[in-house]
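Next comes entry-v8.pdb, a file with PDB, N, CA and C atoms.
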```pdb
ATOM      1  N   MET A   1     112.432  79.721 107.621
ATOM      2  CA  MET A   1     111.798  80.529 108.660
ATOM      3  C   MET A   1     112.415  81.929 108.712
ATOM      4  N   ILE A   2     113.722  82.018 108.517
ATOM      5  CA  ILE A   2     114.377  83.325 108.573
ATOM      6  C   ILE A   2     113.906  84.230 107.437
ATOM      7  N   TYR A   3     113.614  83.629 106.280
ATOM      8  CA  TYR A   3     113.136  84.422 105.146
ATOM      9  C   TYR A   3     111.756  85.017 105.429
ATOM     10  N   LEU A   4     110.927  84.277 106.110
ATOM     11  CA  LEU A   4     109.607  84.778 106.473
ATOM     12  C   LEU A   4     109.735  85.945 107.451
ATOM     13  N   GLU A   5     110.658  85.830 108.390
ATOM     14  CA  GLU A   5     110.875  86.915 109.352
ATOM     15  C   GLU A   5     111.398  88.162 108.649
ATOM     16  N   ILE A   6     112.347  88.015 107.736
ATOM     17  CA  ILE A   6     112.882  89.149 106.977
ATOM     18  C   ILE A   6     111.777  89.795 106.151
ATOM     19  N   ALA A   7     110.977  88.975 105.474
ATOM     20  CA  ALA A   7     109.887  89.503 104.649
ATOM     21  C   ALA A   7     108.870  90.255 105.502
ATOM     22  N   THR A   8     108.544  89.706 106.655
ATOM     23  CA  THR A   8     107.582  90.357 107.553
ATOM     24  C   THR A   8     108.125  91.698 108.037
ATOM     25  N   LYS A   9     109.388  91.720 108.465
ATOM     26  CA  LYS A   9     110.005  92.963 108.922
ATOM     27  C   LYS A   9     110.032  93.992 107.796
ATOM     28  N   LEU A  10     110.347  93.542 106.602
ATOM     29  CA  LEU A  10     110.427  94.456 105.470
ATOM     30  C   LEU A  10     109.073  95.082 105.142
ATOM     31  N   VAL A  11     108.049  94.261 105.072
ATOM     32  CA  VAL A  11     106.713  94.754 104.729
ATOM     33  C   VAL A  11     106.182  95.699 105.810
ATOM     34  N   ILE A  12     106.321  95.309 107.062
ATOM     35  CA  ILE A  12     105.833  96.148 108.158
ATOM     36  C   ILE A  12     106.669  97.428 108.262
ATOM     37  N   GLY A  13     107.984  97.307 108.084
ATOM     38  CA  GLY A  13     108.849  98.485 108.121
ATOM     39  C   GLY A  13     108.539  99.447 107.000
ATOM     40  N   LEU A  14     108.301  98.928 105.804
ATOM     41  CA  LEU A  14     107.953  99.777 104.668
ATOM     42  C   LEU A  14     106.629 100.504 104.921
ATOM     43  N   ALA A  15     105.670  99.785 105.461
ATOM     44  CA  ALA A  15     104.385 100.418 105.797
ATOM     45  C   ALA A  15     104.600 101.534 106.820
ATOM     46  N   GLY A  16     105.461 101.289 107.792
ATOM     47  CA  GLY A  16     105.770 102.317 108.791
ATOM     48  C   GLY A  16     106.444 103.526 108.169
ATOM     49  N   LEU A  17     107.385 103.290 107.265
ATOM     50  CA  LEU A  17     108.070 104.399 106.588
ATOM     51  C   LEU A  17     107.101 105.230 105.757
ATOM     52  N   LEU A  18     106.244 104.547 105.006
ATOM     53  CA  LEU A  18     105.262 105.255 104.189
ATOM     54  C   LEU A  18     104.307 106.070 105.055
ATOM     55  N   THR A  19     103.891 105.486 106.169
ATOM     56  CA  THR A  19     102.972 106.178 107.076
ATOM     57  C   THR A  19     103.615 107.438 107.641
ATOM     58  N   VAL A  20     104.847 107.317 108.129
ATOM     59  CA  VAL A  20     105.533 108.479 108.696
ATOM     60  C   VAL A  20     105.727 109.552 107.630
ATOM     61  N   THR A  21     106.135 109.153 106.442
ATOM     62  CA  THR A  21     106.352 110.117 105.366
ATOM     63  C   THR A  21     105.062 110.846 105.010
ATOM     64  N   ARG A  22     103.961 110.123 104.912
ATOM     65  CA  ARG A  22     102.673 110.750 104.584
ATOM     66  C   ARG A  22     102.166 111.626 105.724
ATOM     67  N   LEU A  23     102.359 111.196 106.958
ATOM     68  CA  LEU A  23     101.907 111.998 108.096
ATOM     69  C   LEU A  23     102.668 113.313 108.195
ATOM     70  N   LEU A  24     103.932 113.284 107.774
ATOM     71  CA  LEU A  24     104.721 114.505 107.809
ATOM     72  C   LEU A  24     104.421 115.408 106.624
ATOM     73  N   GLY A  25     103.610 114.923 105.672
ATOM     74  CA  GLY A  25     103.099 115.778 104.617
ATOM     75  C   GLY A  25     103.970 115.920 103.391
ATOM     76  N   LYS A  26     104.927 115.061 103.193
ATOM     77  CA  LYS A  26     105.777 115.161 102.015
ATOM     78  C   LYS A  26     105.118 114.410 100.867
ATOM     79  N   LYS A  27     104.728 115.175  99.846
ATOM     80  CA  LYS A  27     104.010 114.574  98.734
ATOM     81  C   LYS A  27     104.796 114.630  97.438
ATOM     82  N   GLU A  28     105.677 115.606  97.315
ATOM     83  CA  GLU A  28     106.423 115.778  96.085
ATOM     84  C   GLU A  28     107.892 115.926  96.397
ATOM     85  N   ILE A  29     108.722 115.467  95.485
ATOM     86  CA  ILE A  29     110.161 115.583  95.675
ATOM     87  C   ILE A  29     110.591 117.049  95.699
ATOM     88  N   SER A  30     109.839 117.932  95.048
ATOM     89  CA  SER A  30     110.192 119.353  95.026
ATOM     90  C   SER A  30     110.072 119.991  96.410
ATOM     91  N   GLN A  31     109.346 119.348  97.326
ATOM     92  CA  GLN A  31     109.179 119.884  98.675
ATOM     93  C   GLN A  31     110.311 119.456  99.619
ATOM     94  N   VAL A  32     111.206 118.617  99.169
ATOM     95  CA  VAL A  32     112.223 118.042 100.038
ATOM     96  C   VAL A  32     113.367 119.026 100.258
ATOM     97  N   THR A  33     113.661 119.269 101.532
ATOM     98  CA  THR A  33     114.805 120.097 101.925
ATOM     99  C   THR A  33     115.946 119.162 102.319
ATOM    100  N   PRO A  34     117.157 119.686 102.511
ATOM    101  CA  PRO A  34     118.253 118.819 102.973
ATOM    102  C   PRO A  34     117.914 118.096 104.277
ATOM    103  N   PHE A  35     117.219 118.775 105.193
ATOM    104  CA  PHE A  35     116.814 118.141 106.445
ATOM    105  C   PHE A  35     115.868 116.966 106.184
ATOM    106  N   ASP A  36     114.922 117.162 105.270
ATOM    107  CA  ASP A  36     113.991 116.092 104.922
ATOM    108  C   ASP A  36     114.732 114.895 104.333
ATOM    109  N   PHE A  37     115.716 115.167 103.513
ATOM    110  CA  PHE A  37     116.508 114.106 102.896
ATOM    111  C   PHE A  37     117.250 113.304 103.961
ATOM    112  N   ILE A  38     117.823 113.994 104.931
ATOM    113  CA  ILE A  38     118.559 113.313 105.993
ATOM    114  C   ILE A  38     117.631 112.450 106.826
ATOM    115  N   TYR A  39     116.467 112.970 107.198
ATOM    116  CA  TYR A  39     115.580 112.143 108.017
ATOM    117  C   TYR A  39     115.075 110.940 107.241
ATOM    118  N   ALA A  40     114.913 111.066 105.933
ATOM    119  CA  ALA A  40     114.508 109.912 105.123
ATOM    120  C   ALA A  40     115.614 108.860 105.083
ATOM    121  N   LEU A  41     116.860 109.307 104.983
ATOM    122  CA  LEU A  41     117.982 108.366 105.006
ATOM    123  C   LEU A  41     118.068 107.631 106.341
ATOM    124  N   VAL A  42     117.862 108.363 107.427
ATOM    125  CA  VAL A  42     117.913 107.734 108.753
ATOM    126  C   VAL A  42     116.780 106.724 108.901
ATOM    127  N   LEU A  43     115.589 107.083 108.444
ATOM    128  CA  LEU A  43     114.472 106.127 108.500
ATOM    129  C   LEU A  43     114.809 104.862 107.727
ATOM    130  N   GLY A  44     115.380 105.024 106.545
ATOM    131  CA  GLY A  44     115.789 103.863 105.750
ATOM    132  C   GLY A  44     116.853 103.044 106.460
ATOM    133  N   GLY A  45     117.778 103.719 107.132
ATOM    134  CA  GLY A  45     118.824 103.025 107.885
ATOM    135  C   GLY A  45     118.269 102.233 109.056
ATOM    136  N   ILE A  46     117.287 102.801 109.733
ATOM    137  CA  ILE A  46     116.643 102.084 110.843
ATOM    138  C   ILE A  46     116.019 100.795 110.325
ATOM    139  N   LEU A  47     115.303 100.900 109.233
ATOM    140  CA  LEU A  47     114.662  99.724 108.652
ATOM    141  C   LEU A  47     115.699  98.710 108.179
ATOM    142  N   GLU A  48     116.725  99.189 107.504
ATOM    143  CA  GLU A  48     117.756  98.291 106.962
ATOM    144  C   GLU A  48     118.459  97.521 108.074
ATOM    145  N   GLU A  49     118.819  98.203 109.147
ATOM    146  CA  GLU A  49     119.507  97.530 110.252
ATOM    147  C   GLU A  49     118.607  96.497 110.923
ATOM    148  N   GLY A  50     117.349  96.822 111.063
ATOM    149  CA  GLY A  50     116.426  95.929 111.745
ATOM    150  C   GLY A  50     116.053  94.691 110.952
ATOM    151  N   ILE A  51     116.079  94.786 109.644
ATOM    152  CA  ILE A  51     115.657  93.658 108.814
ATOM    153  C   ILE A  51     116.588  92.462 108.969
ATOM    154  N   TYR A  52     117.871  92.707 108.939
ATOM    155  CA  TYR A  52     118.828  91.594 108.901
ATOM    156  C   TYR A  52     119.403  91.215 110.257
ATOM    157  N   ASP A  53     119.090  91.946 111.297
ATOM    158  CA  ASP A  53     119.553  91.597 112.640
ATOM    159  C   ASP A  53     118.490  90.742 113.311
ATOM    160  N   GLU A  54     118.824  89.504 113.586
ATOM    161  CA  GLU A  54     117.855  88.572 114.174
ATOM    162  C   GLU A  54     117.444  88.960 115.586
ATOM    163  N   LYS A  55     118.276  89.759 116.256
ATOM    164  CA  LYS A  55     117.973  90.168 117.621
ATOM    165  C   LYS A  55     116.926  91.287 117.672
ATOM    166  N   VAL A  56     116.687  91.932 116.540
ATOM    167  CA  VAL A  56     115.751  93.056 116.490
ATOM    168  C   VAL A  56     114.373  92.535 116.080
ATOM    169  N   SER A  57     113.384  92.826 116.925
ATOM    170  CA  SER A  57     112.024  92.363 116.636
ATOM    171  C   SER A  57     111.277  93.383 115.774
ATOM    172  N   ILE A  58     110.167  92.955 115.234
ATOM    173  CA  ILE A  58     109.315  93.843 114.449
ATOM    174  C   ILE A  58     108.852  95.017 115.297
ATOM    175  N   TRP A  59     108.545  94.752 116.552
ATOM    176  CA  TRP A  59     108.070  95.811 117.456
ATOM    177  C   TRP A  59     109.155  96.844 117.717
ATOM    178  N   GLN A  60     110.389  96.397 117.806
ATOM    179  CA  GLN A  60     111.496  97.333 118.004
ATOM    180  C   GLN A  60     111.688  98.222 116.773
ATOM    181  N   ILE A  61     111.525  97.643 115.588
ATOM    182  CA  ILE A  61     111.625  98.426 114.353
ATOM    183  C   ILE A  61     110.514  99.476 114.329
ATOM    184  N   LEU A  62     109.290  99.046 114.599
ATOM    185  CA  LEU A  62     108.165  99.987 114.598
ATOM    186  C   LEU A  62     108.336 101.073 115.654
ATOM    187  N   PHE A  63     108.839 100.702 116.833
ATOM    188  CA  PHE A  63     109.090 101.686 117.888
ATOM    189  C   PHE A  63     110.103 102.725 117.409
ATOM    190  N   ALA A  64     111.198 102.263 116.803
ATOM    191  CA  ALA A  64     112.234 103.187 116.322
ATOM    192  C   ALA A  64     111.682 104.103 115.234
ATOM    193  N   ILE A  65     110.898 103.556 114.311
ATOM    194  CA  ILE A  65     110.310 104.365 113.241
ATOM    195  C   ILE A  65     109.343 105.400 113.830
ATOM    196  N   CYS A  66     108.519 104.991 114.769
ATOM    197  CA  CYS A  66     107.572 105.920 115.400
ATOM    198  C   CYS A  66     108.293 107.004 116.185
ATOM    199  N   LEU A  67     109.301 106.622 116.955
ATOM    200  CA  LEU A  67     110.053 107.596 117.740
ATOM    201  C   LEU A  67     110.742 108.607 116.832
ATOM    202  N   TRP A  68     111.348 108.124 115.743
ATOM    203  CA  TRP A  68     112.008 109.023 114.793
ATOM    204  C   TRP A  68     110.974 109.939 114.130
ATOM    205  N   GLY A  69     109.835 109.380 113.737
ATOM    206  CA  GLY A  69     108.787 110.176 113.105
ATOM    207  C   GLY A  69     108.255 111.252 114.029
ATOM    208  N   ILE A  70     108.041 110.921 115.296
ATOM    209  CA  ILE A  70     107.569 111.904 116.273
ATOM    210  C   ILE A  70     108.609 113.003 116.470
ATOM    211  N   SER A  71     109.870 112.625 116.541
ATOM    212  CA  SER A  71     110.947 113.610 116.699
ATOM    213  C   SER A  71     110.978 114.582 115.529
ATOM    214  N   VAL A  72     110.899 114.053 114.318
ATOM    215  CA  VAL A  72     110.913 114.903 113.133
ATOM    216  C   VAL A  72     109.660 115.779 113.096
ATOM    217  N   TYR A  73     108.520 115.234 113.495
ATOM    218  CA  TYR A  73     107.272 116.000 113.533
ATOM    219  C   TYR A  73     107.409 117.189 114.491
ATOM    220  N   ILE A  74     107.991 116.974 115.648
ATOM    221  CA  ILE A  74     108.185 118.055 116.621
ATOM    222  C   ILE A  74     109.091 119.135 116.036
ATOM    223  N   ILE A  75     110.140 118.719 115.341
ATOM    224  CA  ILE A  75     111.034 119.685 114.707
ATOM    225  C   ILE A  75     110.292 120.471 113.626
ATOM    226  N   GLU A  76     109.456 119.783 112.845
ATOM    227  CA  GLU A  76     108.667 120.458 111.804
ATOM    228  C   GLU A  76     107.725 121.498 112.421
ATOM    229  N   ILE A  77     107.079 121.148 113.528
ATOM    230  CA  ILE A  77     106.169 122.078 114.214
ATOM    231  C   ILE A  77     106.950 123.291 114.724
ATOM    232  N   CYS A  78     108.109 123.050 115.328
ATOM    233  CA  CYS A  78     108.939 124.158 115.820
ATOM    234  C   CYS A  78     109.368 125.063 114.668
ATOM    235  N   ALA A  79     109.693 124.475 113.528
ATOM    236  CA  ALA A  79     110.101 125.264 112.362
ATOM    237  C   ALA A  79     108.947 126.099 111.829
ATOM    238  N   GLN A  80     107.730 125.598 111.930
ATOM    239  CA  GLN A  80     106.568 126.358 111.468
ATOM    240  C   GLN A  80     106.223 127.504 112.413
ATOM    241  N   LYS A  81     106.482 127.320 113.703
ATOM    242  CA  LYS A  81     106.107 128.317 114.707
ATOM    243  C   LYS A  81     107.119 129.456 114.832
ATOM    244  N   SER A  82     108.376 129.183 114.515
ATOM    245  CA  SER A  82     109.436 130.160 114.736
ATOM    246  C   SER A  82     110.273 130.329 113.467
ATOM    247  N   ASP A  83     110.432 131.588 113.058
ATOM    248  CA  ASP A  83     111.257 131.850 111.881
ATOM    249  C   ASP A  83     112.725 131.496 112.126
ATOM    250  N   ARG A  84     113.205 131.715 113.348
ATOM    251  CA  ARG A  84     114.602 131.361 113.674
ATOM    252  C   ARG A  84     114.821 129.861 113.552
ATOM    253  N   MET A  85     113.869 129.092 114.064
ATOM    254  CA  MET A  85     113.983 127.626 113.979
ATOM    255  C   MET A  85     113.876 127.164 112.530
ATOM    256  N   LYS A  86     113.019 127.826 111.764
ATOM    257  CA  LYS A  86     112.863 127.461 110.360
ATOM    258  C   LYS A  86     114.165 127.675 109.605
ATOM    259  N   LYS A  87     114.810 128.807 109.842
ATOM    260  CA  LYS A  87     116.093 129.063 109.183
ATOM    261  C   LYS A  87     117.143 128.057 109.625
ATOM    262  N   LEU A  88     117.122 127.694 110.902
ATOM    263  CA  LEU A  88     118.090 126.734 111.429
ATOM    264  C   LEU A  88     117.912 125.362 110.787
ATOM    265  N   PHE A  89     116.676 124.880 110.702
ATOM    266  CA  PHE A  89     116.418 123.540 110.198
ATOM    267  C   PHE A  89     116.268 123.465 108.682
ATOM    268  N   LYS A  90     115.644 124.469 108.103
ATOM    269  CA  LYS A  90     115.302 124.409 106.681
ATOM    270  C   LYS A  90     116.196 125.261 105.794
ATOM    271  N   GLY A  91     116.911 126.227 106.386
ATOM    272  CA  GLY A  91     117.696 127.155 105.588
ATOM    273  C   GLY A  91     116.786 128.238 105.023
ATOM    274  N   HIS A  92     117.313 129.011 104.093
ATOM    275  CA  HIS A  92     116.493 130.043 103.459
ATOM    276  C   HIS A  92     116.866 130.127 101.982
ATOM    277  N   PRO A  93     115.909 130.493 101.156
ATOM    278  CA  PRO A  93     116.183 130.542  99.724
ATOM    279  C   PRO A  93     117.044 131.746  99.355
ATOM    280  N   SER A  94     117.788 131.602  98.285
ATOM    281  CA  SER A  94     118.548 132.724  97.743
ATOM    282  C   SER A  94     117.680 133.428  96.715
ATOM    283  N   LEU A  95     117.543 134.723  96.859
ATOM    284  CA  LEU A  95     116.755 135.500  95.912
ATOM    285  C   LEU A  95     117.678 135.962  94.785
ATOM    286  N   ILE A  96     117.440 135.442  93.593
ATOM    287  CA  ILE A  96     118.295 135.829  92.475
ATOM    288  C   ILE A  96     117.703 137.002  91.684
ATOM    289  N   ILE A  97     116.437 137.283  91.939
ATOM    290  CA  ILE A  97     115.817 138.459  91.333
ATOM    291  C   ILE A  97     115.288 139.332  92.459
ATOM    292  N   HIS A  98     115.785 140.551  92.545
ATOM    293  CA  HIS A  98     115.389 141.479  93.598
ATOM    294  C   HIS A  98     114.990 142.797  92.942
ATOM    295  N   ASN A  99     113.737 143.212  93.160
ATOM    296  CA  ASN A  99     113.203 144.437  92.561
ATOM    297  C   ASN A  99     113.342 144.435  91.039
ATOM    298  N   GLY A 100     113.114 143.282  90.439
ATOM    299  CA  GLY A 100     113.160 143.175  88.987
ATOM    300  C   GLY A 100     114.560 143.109  88.401
ATOM    301  N   GLU A 101     115.585 143.056  89.228
ATOM    302  CA  GLU A 101     116.976 143.017  88.781
ATOM    303  C   GLU A 101     117.602 141.678  89.171
ATOM    304  N   LEU A 102     118.423 141.125  88.278
ATOM    305  CA  LEU A 102     119.151 139.901  88.589
ATOM    306  C   LEU A 102     120.270 140.205  89.571
ATOM    307  N   ASP A 103     120.390 139.390  90.599
ATOM    308  CA  ASP A 103     121.464 139.533  91.584
ATOM    309  C   ASP A 103     122.579 138.566  91.178
ATOM    310  N   ILE A 104     123.580 139.092  90.530
ATOM    311  CA  ILE A 104     124.672 138.276  89.986
ATOM    312  C   ILE A 104     125.433 137.562  91.104
ATOM    313  N   LYS A 105     125.631 138.223  92.247
ATOM    314  CA  LYS A 105     126.344 137.593  93.370
ATOM    315  C   LYS A 105     125.620 136.325  93.830
ATOM    316  N   GLN A 106     124.286 136.418  93.971
ATOM    317  CA  GLN A 106     123.514 135.259  94.398
ATOM    318  C   GLN A 106     123.558 134.155  93.343
ATOM    319  N   MET A 107     123.537 134.538  92.094
ATOM    320  CA  MET A 107     123.590 133.547  91.014
ATOM    321  C   MET A 107     124.913 132.801  91.044
ATOM    322  N   LYS A 108     126.014 133.500  91.332
ATOM    323  CA  LYS A 108     127.326 132.857  91.384
ATOM    324  C   LYS A 108     127.452 131.943  92.585
ATOM    325  N   LYS A 109     126.743 132.260  93.685
ATOM    326  CA  LYS A 109     126.772 131.424  94.886
ATOM    327  C   LYS A 109     125.989 130.122  94.715
ATOM    328  N   SER A 110     124.988 130.135  93.831
ATOM    329  CA  SER A 110     124.113 128.974  93.696
ATOM    330  C   SER A 110     124.863 127.799  93.074
ATOM    331  N   PRO A 111     124.483 126.558  93.477
ATOM    332  CA  PRO A 111     125.151 125.373  92.945
ATOM    333  C   PRO A 111     124.977 125.276  91.429
ATOM    334  N   GLY A 112     125.960 124.688  90.796
ATOM    335  CA  GLY A 112     125.876 124.477  89.357
ATOM    336  C   GLY A 112     126.563 125.576  88.568
ATOM    337  N   ASN A 113     127.083 126.575  89.255
ATOM    338  CA  ASN A 113     127.770 127.667  88.539
ATOM    339  C   ASN A 113     129.243 127.625  88.824
TER
END
```
Could you quickly redo this structure as C-alpha coordinates?
Amino acid sequence: MIYLEIATKLVIGLAGLLTVTRLLGKKEISQVTPFDFIYALVLGGILEEGIYDEKVSIWQILFAICLWGISVYIIEICAQKSDRMKKLFKGHPSLIIHNGELDIKQMKKSPGN
(Lines of atoms letter the chains of each structure in order from A and count residues from 1; the text may use other names and numbers.)
(Lines give C-alpha, C1' and ligand atoms only; values in the text may rest on other atoms or scores of the structure.)
Protein backbone atom coordinates (compact mmCIF):
# COMPACT_ATOMS: atom_id res chain seq x y z
CA MET A 1 0.00 0.00 0.00
CA ILE A 2 2.84 2.40 0.78
CA TYR A 3 4.32 1.85 -2.68
CA LEU A 4 1.04 2.84 -4.30
CA GLU A 5 0.94 6.02 -2.22
CA ILE A 6 4.55 6.90 -3.16
CA ALA A 7 3.84 6.22 -6.84
CA THR A 8 0.68 8.34 -6.75
CA LYS A 9 2.48 11.24 -5.05
CA LEU A 10 5.33 11.00 -7.53
CA VAL A 11 3.13 11.00 -10.63
CA ILE A 12 0.88 13.81 -9.40
CA GLY A 13 3.87 15.82 -8.14
CA LEU A 14 5.68 15.42 -11.45
CA ALA A 15 2.58 16.57 -13.32
CA GLY A 16 2.42 19.60 -11.01
CA LEU A 17 6.09 20.41 -11.59
CA LEU A 18 5.72 20.14 -15.35
CA THR A 19 2.61 22.31 -15.28
CA VAL A 20 4.26 25.05 -13.22
CA THR A 21 7.37 24.99 -15.40
CA ARG A 22 5.33 25.27 -18.61
CA LEU A 23 3.07 27.98 -17.20
CA LEU A 24 6.11 30.04 -16.30
CA GLY A 25 7.23 29.76 -19.92
CA LYS A 26 10.55 27.98 -19.64
CA LYS A 27 11.02 26.00 -22.82
CA GLU A 28 14.76 25.83 -23.33
CA ILE A 29 17.70 25.40 -21.01
CA SER A 30 19.31 28.47 -22.64
CA GLN A 31 16.56 30.61 -21.07
CA VAL A 32 17.40 29.53 -17.52
CA THR A 33 18.83 32.17 -15.19
CA PRO A 34 20.34 31.44 -11.75
CA PHE A 35 16.99 32.43 -10.20
CA ASP A 36 15.17 29.97 -12.46
CA PHE A 37 17.60 27.23 -11.46
CA ILE A 38 17.01 27.89 -7.77
CA TYR A 39 13.24 27.82 -8.06
CA ALA A 40 13.46 24.54 -9.98
CA LEU A 41 15.60 23.04 -7.22
CA VAL A 42 13.11 24.18 -4.57
CA LEU A 43 10.22 22.70 -6.55
CA GLY A 44 12.11 19.41 -6.75
CA GLY A 45 12.80 19.57 -3.02
CA ILE A 46 9.13 20.11 -2.23
CA LEU A 47 8.23 17.05 -4.26
CA GLU A 48 11.06 14.95 -2.83
CA GLU A 49 10.15 15.73 0.78
CA GLY A 50 6.48 15.04 0.21
CA ILE A 51 6.93 11.70 -1.52
CA TYR A 52 8.56 9.84 1.34
CA ASP A 53 6.87 11.52 4.31
CA GLU A 54 3.74 9.55 5.16
CA LYS A 55 2.28 12.53 7.01
CA VAL A 56 2.23 14.64 3.82
CA SER A 57 -0.82 14.16 1.63
CA ILE A 58 -1.04 14.54 -2.13
CA TRP A 59 -3.13 17.68 -1.61
CA GLN A 60 -0.44 19.22 0.57
CA ILE A 61 2.18 18.53 -2.11
CA LEU A 62 -0.02 20.10 -4.79
CA PHE A 63 -0.76 23.09 -2.53
CA ALA A 64 2.97 23.66 -1.93
CA ILE A 65 3.76 23.35 -5.65
CA CYS A 66 0.95 25.77 -6.57
CA LEU A 67 1.92 28.27 -3.88
CA TRP A 68 5.57 28.17 -4.98
CA GLY A 69 4.57 28.50 -8.64
CA ILE A 70 2.34 31.50 -7.92
CA SER A 71 5.11 33.15 -5.91
CA VAL A 72 7.63 32.68 -8.71
CA TYR A 73 5.05 33.91 -11.26
CA ILE A 74 4.54 37.13 -9.26
CA ILE A 75 8.30 37.66 -9.13
CA GLU A 76 8.53 37.08 -12.90
CA ILE A 77 5.77 39.66 -13.51
CA CYS A 78 7.52 42.19 -11.25
CA ALA A 79 10.79 41.59 -13.11
CA GLN A 80 9.07 42.22 -16.44
CA LYS A 81 7.42 45.45 -15.24
CA SER A 82 10.44 47.04 -13.57
CA ASP A 83 14.02 47.22 -14.77
CA ARG A 84 15.26 47.53 -11.17
CA MET A 85 13.44 44.35 -10.18
CA LYS A 86 14.72 42.59 -13.28
CA LYS A 87 18.31 43.42 -12.39
CA LEU A 88 17.70 42.32 -8.81
CA PHE A 89 16.18 38.95 -9.72
CA LYS A 90 17.74 38.16 -13.09
CA GLY A 91 21.03 40.06 -13.08
CA HIS A 92 22.33 41.70 -16.23
CA PRO A 93 24.49 40.46 -19.08
CA SER A 94 28.11 41.46 -19.50
CA LEU A 95 28.76 43.14 -22.82
CA ILE A 96 32.05 41.85 -24.16
CA ILE A 97 31.74 43.72 -27.44
CA HIS A 98 31.04 47.45 -27.20
CA ASN A 99 30.99 49.66 -30.32
CA GLY A 100 32.68 46.91 -32.31
CA GLU A 101 35.57 46.61 -29.82
CA LEU A 102 36.29 43.70 -27.47
CA ASP A 103 36.10 44.69 -23.81
CA ILE A 104 39.01 42.78 -22.29
CA LYS A 105 38.01 43.67 -18.70
CA GLN A 106 34.57 42.11 -19.18
CA MET A 107 36.10 39.05 -20.82
CA LYS A 108 38.41 38.53 -17.83
CA LYS A 109 35.46 38.85 -15.42
CA SER A 110 33.43 36.18 -17.21
CA PRO A 111 33.49 32.61 -15.85
CA GLY A 112 35.88 30.17 -17.45
CA ASN A 113 38.78 32.61 -17.74
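Proximity to Gly69 (chain A) was assessed for A:Ala7, A:Val20, A:Ile104, A:Ile38 counting all atoms listed in the file; the smallest distance is recorded for A:Val20.
Our summary of the geometry notes that CA of Glu48 (chain A) is positioned 13.6 Å from CA of Ala15 (chain A).
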Helix (DSSP H, G or I) residues, from DSSP on the backbone, in chain A, as a PyMOL selection string: chain A and resi 2-23+29-31+34-52+58-81+83-90+104-109
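The nearest approach to Ile12 (chain A) among the residues A:Trp59, A:Phe35, A:Ala40, A:Gly45, with only C-alpha atoms taken into account, belongs to A:Trp59.
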Edge lengths and centre in Å, axis-aligned, region 1-13 of chain A plus 6 Å each side, as JSON:
```
{"center_x": 110.1, "center_y": 89.6, "center_z": 107.0, "size_x": 20.5, "size_y": 31.7, "size_z": 16.7}
```
Among listed residues A:Asn99, A:Gln80, A:Thr8, A:Gln106, nearest Ile51 (chain A) (using only C-alpha atoms):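 Among the listed residues, the smallest separation from Ile51 (chain A) belongs to A:Thr8.
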Selection under test: the PyMOL selection byres (((chain A and resi 55-57 and name CA) around 12) and name CA); residues as a VMD selection string: chain A and resid 2 5 to 6 8 to 10 12 to 13 46 to 54 58 to 64
Point-to-point distance from CA of Lys86 (chain A) to CA of Glu101 (chain A), Å rounded to tenths: 26.9 Å
Interatomic distance, CA of Cys66 (chain A) to CA of Leu41 (chain A) (Å, one decimal): 14.9 Å
